[in-house]
Every structure is written in C-alpha cells, then in structure tokens.
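J.: Right, I'll just put the structure down here and ask away after.
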Amino acid sequence: MKLAKFFFALGVGLVVSFGSQWALAQTNFWEPSSGPLASSDIRAFAINSNGHVFAGTNGGGVFRSMNNGDNWTPFNAGLANLEIISLAINSSGHIFAGTNYGGVFRSPDSSDNWTVRNNGLTDKRVRALAINQSTGHIFAGTPGGIFRSPDNGDNWTKINTGLTNKDVRSLVINPTTQDIFAGTSGGGVFHSTNNGDIWTAVNTGLPNSALVFALAINSSGHVFAATGDGVYRSLDNGGNWAKVLDFDGQTFYSLAINSTTQDIFAGSGHIGGFPFFSDWGDVFRSTNNGESWTHVASGLADYVYALAINIEGYIFAGTPEGGYRSTDNGQRWTLITFSTSVQAHERIPLEFGLHQNYPNPFNPSTTITYELPQAVEVKLVIFDLMGRHVRTLVNQRQPAGRYTITWDGRNEQGEALASGVYLYQLRAGNFVQTRRMALVR
C-alpha cells in the first residue's frame, strides 16, 4: 500500500494511512538495557531449536544469547573472518556463517568452534545462506551466483543454469514444496523447482531491474520480497507479484514471519523527509497477509538490515548502529547490549552507503555519515530543492572506511542559509545516492 498522508503530534505518536487503512504507530518508546551498548553493525540473525539467538555483525563476528536476548557473549573461536553477512542453522544444530570475502564457516551450536568450509566455493562473499531442512542441502548466494553443498558444507558446486543475473542478495526455500527462490541485485527473483539445477526468472509485476534484498514465505506458500521499491507479494509461487507496502519511498531490506501467528514484519531504511520526519530505520507489521500494515517502530538508529522472531514471539531487529528487541509484537523496542563493544568506525563497510543526517531537522549544524567499501573518488554536495548548487563538502579520493562530516548550514560564501529542505548527494565511483534534510532557523 502506498502511504497517502501522515500527521505528527508530539507526545502522541504517528498516525499513518495506507490507503483506507489507518493505524496509530507507537514511536520513540525505547528502553535502554543495562550495560554498555555495542555499536555493532548487525547484518544477520539466526535462532536454533533451543531458542538461542545468534547475531552476525560486520567486524565483530557472531554473538550468542541463551536467554531471549537479555545477555550476549562473543561466539568467535576459530572464526578467522569477523565480517558476517549471513547466518543459517540446520536441523542438527550446526551453524553456518557467510562472511565478506572469507567464505563459509561452520560451528556446532554448543562448542563455539568454527572451521572454514570453502572447498569449491570460488566466490567468498556470501551474502545469503539457506538450508533445505529435509535434505540438508545448503545454498549460498554470492555476487558470482549460487553454490550448493550436499554434505554439510564440506564441498560446494556452482549451480547457475538459467540464472541470468548472478548477483544474489537473498535466498528462501519453501519447506513444503522444496522450491527455492533467489533475489538478485538488478535482476529480480529467480525460481527453481529442482533443487537449484535450473533457475527461471519470475518477475511479472516486479519493477524492472528489481533489487531484492530479502525474501520470505508464509505457511500458505505466499512469497514476499523486500526491494528497493517496497514490499511485493506473490500468491502463485512467484508467477505474479503485486506491491503491498510502499512507505515514503523507503528501501526495504529485511523480512520476518512469525511462525505461530503468521504476522509479517518488514524492516526498511528511511530516505529522510519533511516535515519533521527524519527516522533512520523503520519496522512495519501486517496481521492480514500483507493487505495492510502498521508502522510499529520508527527512528531506529539506522537501516534495518536484519529481522528475526523466536518461538516466544520476540522480534529482533539489526541495524548498522546496533540491535533492538521487541517482546510485545513490535509495540515497544529495547536496545540490545553486547558484553564486548565493537567500534563501528574501525570496520571496512560492506557496501557504499549514505546515511540520514543527524539531527534532522537541524539548527545550526548537522552531521552526515557515508561509507565506502573501497578507495574511490568521492564528491559530497549540497543542493537546494531547485537543484542549484549550495556547497561542496567533499571532493577528493578517499580510502575505504566510514566517514562523518558536519555541515554548518552555510553556502560556499559562508552565508547562513534560510530555513527549508535541502538535498545532499554522494557520488562515489558509480554509486550515487541523494537524501533530504530540513534546516529550521
């Protein structure tokens, strides 16, 4: 559903309208947990049959909680690469971690003893992992396509027949039919009915060159896709897609379905906006198969890259700036704390990214953060809404890393600008992203 209109009332919350469906979204009800908050870049969650929750972080490795997220400890013995992009657990309790350029690692649940499992895995940037719990076959999605292991990760074979776009971002397996779906970067969704031997594009109703960050399947076999253009649903095994959620132009990065209630949760990243609506990450909930959605969390520290739900219905949300937990179906969120802090600025980012400025609205200055996964020519420029140049903040080659810069609300001549909405644009090689911010004098 497309957001039709919204109102903001301090101390009340945010009332949003998805077409004719209205819901009161509870905002800013966060309760910090005790202990130091780790600014861990959480990219993946996995939950085993004992209810233990595993969080994969970019630079800090894996953390485990054995008490529903109340306490977390590092789980990294033998883990040679700490940049975790994906996690999966098989029916025997073995945990698989996909890393950034380190391939796949495997550990038994209780032993915290990781070993590398890369034989035949020629592309070691493992963005997605999925396991067929009936056969035990493991599937790994990489920028070079899909790999399959029939022997618990010991050996891998590339299975790209029919996969015309090999930059795979997400994987999901229907536990009933064993059908596999793969979401790609710019190629939409592919479908296999024969254990990955042959893939077929299934993109009717999806936007051209769809970027599919996450996939999920409910108990009815309906498939949901989180994309750069909203959340889409297929009722016919990928044959046709229809958009069911579009909120203020946000990109949706994550999906999770409550196995008991079948409630669907979608995590997104905010592009900024006006008036006075500058949340960085949001979570939405649908209780009716995606027909309507309630905005249940706004203003999380950053994009919601990961979502997971345990058997008690606790929801875990991972962002580049830390994690959150909700114990009441998304109404209230608590900051996740880890026993070992990881400094976000010391890690090499996985992707190019331009974050929402903070604070927003602002007066007199605001901070802009961006990420570079590699050395590149960088240009960060401020424009007004008419597209006229206001100020160039960065114009140089920079190495990989995370950068922050402060803008004082002035133009190139040092003159203070009037209140209004301004655009800031990052150009880094072929990457271009623009966001909005509000200056209020």
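A note on labels: chains of the structure tokens are A, B, ... as shown, every chain counts residues from 1, and ligands are counted from 1 in their shown order.
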Neighbours of region 239-243 of chain A within 12 Å (only C-alpha atoms; same-chain residues fewer than 4 positions away dropped), as a ChimeraX atom specification?

T.: /A:1-2,181,188-191,200-207,210,222-235,247,290-292

J.: Which residues are near Tyr422 (chain A)? Cut-off 9 Å, only C-alpha atoms, ignore same chain within fewer than 3 positions. Put them as JSON, numbers by chain.

T.: {"A": [382, 383, 384, 385, 390, 435, 436, 437, 438, 439]}

J.: Please produce an output containing C-alpha atoms for each residue in the selection, written as a compact mmCIF listing (two decimals), in the first residue's frame.

T.:
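That gives us selection.txt:
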# COMPACT_ATOMS: atom_id res chain seq x y z
CA ILE A 382 24.55 20.16 -1.02
CA PHE A 383 21.74 21.39 -3.33
CA ASP A 384 18.52 23.29 -2.78
CA LEU A 385 15.19 21.87 -3.90
CA VAL A 390 24.81 25.24 -2.46
CA ARG A 435 18.84 12.35 0.61
CA ARG A 436 16.82 15.21 2.05
CA MET A 437 17.27 17.25 5.22
CA ALA A 438 15.46 20.15 6.86
CA LEU A 439 17.13 23.31 8.17

J.: Pick from A:Ser185, A:Pro359, A:Thr157, A:Met386: nearest to Ala214 (chain A), with only C-alpha atoms counted?

T.: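 Among the listed residues, the smallest separation from Ala214 (chain A) belongs to A:Ser185.
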
J.: Show which residues sit within 9 Å of region 72-85 of chain A, as a PyMOL selection string. Count only C-alpha atoms, and ignore same-chain residues fewer than 6 positions away.

T.: chain A and resi 42-44+53-66+97-103+105-106+111-116+125-128+336-340+347-348+350

J.: Smallest atom-to-atom distance to Ala256 (chain A): which of A:Asp302, A:Pro143, A:Leu307, A:Leu215, using only C-alpha atoms?

T.: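 With only C-alpha atoms as the atom set, the closest residue is A:Leu307.
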
J.: Could you pull out the residues in region 78-185 of chain A that DSSP calls strand (DSSP E or B) from the backbone, as a PyMOL selection string?

T.: chain A and resi 83-89+94-100+104-108+115-116+125+128-131+138-142+145-149+157-158+168-173+180-185
